[in-house]
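**Student:** I have a structure here, written as structure tokens, and I will follow up with some questions on it.
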Amino acid sequence: MTGCNQTVKRLALAVWVAAVPTAPAEAAGLRTKFGEVVVKNLKIGQVYSLNKLINLPLRVINTGEDTVELKVDVIQAATEAVKAGYAPIPDLAWVTLENRQFRLAPNHEAVTDVTISIPNDPKYLGRRFEADIWSRTQTNSGVFGVGMQSRLLIHVNSEPPTGDELKAKYVDKRLANLDFTLFPTAGTADNVAMGREVDLRKDYKVSIKIINPNEKKLTFRIKSMPNWESLLAVPKGYEDAYDPSWLKPATELVEIEGNSIKEIPLLLHIPDDARYRGKAFFFSVSTDILEQEISARVFYRLLVTTPKAASEAGR
């Protein structure tokens with residue numbers, strides 16, 4: 001697929017968070033980093049998977065406290081609302097989603113590939129178009145809950161595709177749909193000793209348990225990550241941990257047999273520094289399946305407090 005690979009090198013992407021909930025709610029919330037995405041140099045007559053080309057599927061996390069029904073659709077922006085310099089996408093069929101409906105538990109992430117297909121018509125050469133993606137929760141009776149809108153900005157290359165590129169037209173394949181459960185999804189450790197590594201399972205009965213309900217053995221990656229990346233809502237009275245690497249799983253890669261459960265200890269080492277005393281830190285830990293091309297991550301929330309004075313350190 002030489003033509004496709006050449007296209008990858010020519011793509012220019014800018015991503016920043018611009019999508020915000022359209023209706024605030026105390027017990028419900030959605031977040032995504034797919035706020036406003038610009039994809040340049042797409043050629044007519046070609047099909048592009050944002051996941052395969054630039055590792056950017058649409059990810060939406062449920063930051064609320066309840067399981068929700070999530071629906072995601074590509075919509076056409078009203079002409080007056082379209083970003084300056086762009087036109088509404090001529091046909092919604094240009095942009096398709098691998099999955100559109102999800103049942104999303106708290107701390108869980110819905111993920112779907114976004115595929116862009118540009119018709120082989122010279123009238124689109126050098127033009128710019130906007131497509132919007134609407135993510136929203138919905139009750140069983142169809143009542144709208146919380147929603148947010150993402151903006152996809154498409155720049156069509158002014159040059160037509162070569163013969164080789166047309167022959168190598170990219171066709172997306174369907175992706176595996178594996179699932180797993182994290183239990184519990186949150187933990188708390190108060191007055192944690194500083195200046196040494198603390199085994200939270202041993203000292204606070206805090207750990208992560210992963211349930212693999214699939215028939216095949218799977219490999220999971222567990223990683224403490226900065227909250228600007230996970231986008232979880234920080235509980236009131238807490239702040240993002242200054243350094244996510246303070247927290248690590250006993251094993252980052254975990255193999256779990258089919259229809260099995262495994263417990264993974266968490267190790268925490270907060271330096272003994274006056275700046276970190278008397279603090280309430282929030283850590284986010286992601287878990288994903290390595291065997292799945294686009295894995296929907298599940299997040300674990302850890303709440304930690306530190307002692308106020310050196311004499312209070314330890315248990």
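By convention in this document, the chains of the structure tokens carry letters A, B, ... by their order, each chain's residues are numbered from 1, and ligands are numbered from 1 in the order they are shown.
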What residues in range 90-290 of chain A get the DSSP label strand (DSSP E or B)? Please answer as number ranges by chain.
**Tutor:** A: 95-97, 101-104, 108-112, 114-117, 128-138, 144-156, 181-183, 186-189, 198-199, 207-212, 218-225, 239-240, 247-249, 253-256, 260-268, 280-289
**Student:** Per DSSP on the backbone, filter range 48-248 of chain A down to the residues in alpha helix (DSSP H) and report them as a list in words.
**Tutor:** Leu50, Asn51, Lys52, Leu53, Ile54, Gly163, Asp164, Glu165, Leu166, Lys167, Leu200, Arg201, Lys202, Asp203, Tyr204, Asn227, Trp228, Glu229 and Ser230 of chain A
**Student:** Can you pull out every residue within 10 Å of Val95 in chain A, counting only C-alpha atoms, but drop anything in the same chain fewer than 5 positions away, and send it as an NGL selection string?
**Tutor:** :A and (47-49 or 73-75 or 89 or 114-118 or 131-133 or 152)
**Student:** Quick one: everything within 8 Å of range 55-66 of chain A, counting only C-alpha atoms, minus sequence neighbours fewer than 5 positions away in the same chain. Send it as a PyMOL selection string.
**Tutor:** chain A and resi 26-34+50+104-114+135+231-233+294+296
**Student:** Find the spatial neighbours of range 182-196 of chain A, counting only C-alpha atoms, within a cut-off of 9 Å - ignore same-chain residues fewer than 4 positions away - and output them as an MDAnalysis selection string.
**Tutor:** chainID A and resid 106:107 200 203:211 268:273 276:278 280 287 298:308 310 312:315
**Student:** Kindly give the distance, in Å, that separates CA of Leu267 in chain A and CA of Arg201 in chain A, rounded to a single decimal.
**Tutor:**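 Straight-line distance from CA of Leu267 in chain A to CA of Arg201 in chain A works out to 8.2 Å.
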**Student:** Skipping near chain neighbours, those fewer than 6 positions away, what residues fall within 6 Å of range 248-262 of chain A using only C-alpha atoms, listed as a VMD selection string?
**Tutor:** chain A and resid 209 to 222
**Student:** So how many Å separate CA of Thr137 in chain A and CA of Glu36 in chain A, to one decimal?
**Tutor:**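 Rounded to one decimal, the two atoms are 20.2 Å apart.
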**Student:** Find, counting only C-alpha atoms, the residue in A:Arg297, A:Lys236, A:Arg151, A:Arg127 that gets nearest to Ala87 in chain A.
**Tutor:**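 Looking only at the distances to Ala87 in chain A, the closest residue turns out to be A:Arg127.
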